[in-house]
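One structure is given below, encoded as structure tokens.
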Amino acid sequence: MAAKDADPSLGYLTRKDTEVKLPRPTRVKNKTPAPIQITAEQILREARERQEAEIRPPKQKITDAAELADYRLRKRKEFEDLIRRVRWNISVWIKYAQWEESQKDFNRARSVWERALEVDYRNHTLWLKYAEVEMKNKFINHARNVWDRAVALLPRVDQLWYKYIHMEEMLGNVAGARQVFERWMNWMPDQQGWLSYIKFELRYNEVERARQIFERFVQCHPKVGAWIRFAKFEMKNGEVARSRNVYERAVEKLADDEEAEQLFVAFAEFEERCKETERARCIYKFALDHIPKGRAEDLYRKFVAFEKQYGDREGIEDAIVGKRRFQYEEEVRKNPLNYDSWFDYIRLEESVGNKERIREVYERAIANVPPAEEKRYWQRYIYLWINYALYEELDAGDMERTREVYRECLKLIPHEKFSFAKIWLLAAQFEIRQRNLKAARQVLGNAIGKAPKDKIFKKYIEIELQLGNIDRCRKIYEKYLEWSPENCYAWSKYAELERSLSETERARAIFELAIAQPALDMPELLWKTYIDFEISEGEFERTRELYERLLDRTKHLKVWISYAKFEASAMEEDAGDLDLAEDSIQENRYEQKKQCIQHARRVFEKAINYLRTSAPELKEERAMLLEEWLTMESSFGELGDVGLVQAKLPKKLKKRRPIVAEDGPAGYEEYIDYLFPEENQTTNLKILEAAYKWKKQKLSSDDD
């Protein structure tokens, strides 16, 4: 069984044998805090006190030459064995060589270093350590030999050159150091190497030599930074003409370079320091004309600062405008359909006032037509045309050009898909301002024909009304209603126009046509306007007839209330027309008021009967109607009969009903129910009927 469970991968041990048996965790029964608390600091201190001392090998004291030779032999054997095992580990070689150095056996140390270099001569750390050992022990020629070999084998490791040169300079061998630098420069190192050579020459006041090195430097590294350093070097030595010459040569060679901006800025600042402001201004302007705008941000900023310091007001404004113009050009280049950027750009040009430039920007802006024929894409774009037309009319004063702008804009808009009423109206108003009424009518007529809109009809009617052309107004209203027969606003305004002309019959006929329409957008507004019209004309019978016709169409609560209020106030209109004595007038008014109240009550009763019989589910509307009736009866004073209504008022009951969601019942909600008096009586009758039935059944069972 044991052999069966044995696993070859575990050395033929069973899984149970290899399991790590952990001690059982002790369960803490008493979790109350101990009376004496121990801090973490005390635990750590106690652990440190109990720590056993580190076992170190005893120090060996060597007393004679034999012991020393034995010690050296043993150590060398250890190092050699270690090297055989890990030949590629450079740190072992370094330790071995340093140990030999500590034994003052320099020949053996050199031997170890040379063996290490045979293993990996590309490791510059080995060369550095080797040369440092030779220098430390003042073997100068040996060190020089090591450095020569190192820089010959690894000429691209700058650290070796720096150390070699440093050694020669420390020894005072300036010519030797210069010779090493020359050898290094033949390899064309990076900028730092050249700058180190220049600093070396300047330390020994060899200005002419440094200048020659700079010449070679800018040939080797023709970068903007190198030329600027060269020019600053000449300036530092007081050679203004030479410095200017360096800048000019740099501009000739690097005018199209990516970093040319820095060169021009440095050149301009140099001229500024030399008090040559005109030269500096010319440099800035030359640079702004030649450098792409995307790379000239710093240049613009410096130019603006320069103009603020040295320029006149006009120059400063030009610089600021130029900077902002550059920013807007960049924005519209990135996204030509960003119309907000075009608006800002146009506003800037308008503030400058150069007509040709303003027109050019407008033309460029309107050339960016939205790609899709959807109104939302055109809404910002169309304002470019509007602003262009207004600029030509108000600022430029070119009326023919304004007319052309409006014409081109109206031609561009796809009127069969969408249109803009404001463009048509602005074009028409422009023609009116030019006293060209015929052209204005032609524009508005085209608008109604191509893209009729409410705003266009309203404005056209308003213009003709101001001119007193009533027949034209009627024709436009007819066109308006042909286009939009469901528009209650148009019907109301048309009737209002006829009424203002005292054409009552025409106005009434228009209202009759309007309410006869099969579909209206706001029928309640139209009916209200018609009823108010008849009331204002004093036609109470017609008004009642209108209310009855309206109730045939809708039995809305507001209609009943409005009808009742009309009946209650109908007498007030004609009560003052009676030419009778004061007492007779008072009696007449009193009788009329009673009659009006009766009419109003009749309307309320009719409404209550309808809601009780035909719409019993509308309990809340019925209750609101009764409340309105009660308020009206209270307002009648002594003629009112509040008790008549109070007997019909319902009781408010708070009830609960289940809320049914998609996944089943979701609780209950409270609602207000109304219990009317007739419903209460019906409920009582039902209880009596049930009791009578029960008694009858009981008597029959007793007889059986």
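Every chain in the structure tokens has a letter given in the order shown (A, B, ...), and although residue numbers restart at 1 in each chain, ligands are simply numbered from 1 in the order shown.
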Each segment 448-542 of chain A residue no farther than 12 Å from segment 392-415 of chain A, nearest pair in Å, only C-alpha atoms, as CSV:
residue,atom,partner,partner_atom,distance
A:Ile448,CA,A:His415,CA,11.2
A:Gly449,CA,A:His415,CA,10.4
A:Lys450,CA,A:His415,CA,6.6
A:Ala451,CA,A:His415,CA,6.1
A:Pro452,CA,A:His415,CA,9.8
A:Lys453,CA,A:His415,CA,11.5
I need the residues from that last selection saved to file as a PDB file, in the first residue's frame (with N, CA, C and O atoms), if you can.
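Just written: part_34.pdb:
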ATOM      1  N   ILE A 448     -42.038  83.152 -49.276  1.00  0.00           N
ATOM      2  CA  ILE A 448     -43.303  82.422 -49.088  1.00  0.00           C
ATOM      3  C   ILE A 448     -43.432  81.301 -50.109  1.00  0.00           C
ATOM      4  O   ILE A 448     -43.935  80.212 -49.809  1.00  0.00           O
ATOM      5  N   GLY A 449     -42.932  81.556 -51.318  1.00  0.00           N
ATOM      6  CA  GLY A 449     -43.025  80.527 -52.363  1.00  0.00           C
ATOM      7  C   GLY A 449     -42.062  79.366 -52.133  1.00  0.00           C
ATOM      8  O   GLY A 449     -42.427  78.207 -52.310  1.00  0.00           O
ATOM      9  N   LYS A 450     -40.811  79.679 -51.738  1.00  0.00           N
ATOM     10  CA  LYS A 450     -39.786  78.632 -51.609  1.00  0.00           C
ATOM     11  C   LYS A 450     -39.776  77.972 -50.235  1.00  0.00           C
ATOM     12  O   LYS A 450     -39.637  76.752 -50.125  1.00  0.00           O
ATOM     13  N   ALA A 451     -39.844  78.795 -49.185  1.00  0.00           N
ATOM     14  CA  ALA A 451     -39.708  78.239 -47.823  1.00  0.00           C
ATOM     15  C   ALA A 451     -40.620  78.988 -46.871  1.00  0.00           C
ATOM     16  O   ALA A 451     -40.172  79.832 -46.082  1.00  0.00           O
ATOM     17  N   PRO A 452     -41.960  78.733 -46.948  1.00  0.00           N
ATOM     18  CA  PRO A 452     -42.877  79.472 -46.064  1.00  0.00           C
ATOM     19  C   PRO A 452     -42.641  79.143 -44.590  1.00  0.00           C
ATOM     20  O   PRO A 452     -42.446  77.990 -44.227  1.00  0.00           O
ATOM     21  N   LYS A 453     -42.644  80.188 -43.770  1.00  0.00           N
ATOM     22  CA  LYS A 453     -42.452  80.028 -42.323  1.00  0.00           C
ATOM     23  C   LYS A 453     -43.323  81.044 -41.605  1.00  0.00           C
ATOM     24  O   LYS A 453     -43.627  82.115 -42.150  1.00  0.00           O
TER      25      LYS A 453
END
Open item on the list: Please extract the residues of segment 329-418 of chain A with a backbone DSSP assignment of helix (DSSP H, G or I) and present them as a ChimeraX atom specification.
Closed with: /A:329-334,339-352,355-366,375-378,381-396,399-412
- [ ] Identify which of the residues A:Asp81, A:Asp673, A:Glu234, A:Glu360 lies closest to Glu621 of chain A, counting only C-alpha atoms when measuring atom-to-atom distances.
- [x] A:Asp673
Task: Within 9 Å of Phe533 of chain A using only C-alpha atoms, minus same-chain residues under 6 positions, as a list in words - done: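 Here the qualifying residues turn out to be Glu496, Arg499, Arg508, Glu539 and Thr543 of chain A.
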Dump of C-alpha atoms for the selected residues, as a compact mmCIF listing (two decimals), in the first residue's frame:
# COMPACT_ATOMS: atom_id res chain seq x y z
CA GLU A 496 -58.54 90.56 -35.01
CA ARG A 499 -62.45 93.46 -36.11
CA ARG A 508 -67.29 86.22 -37.38
CA GLU A 539 -73.93 89.15 -28.38
CA THR A 543 -72.09 83.43 -26.89
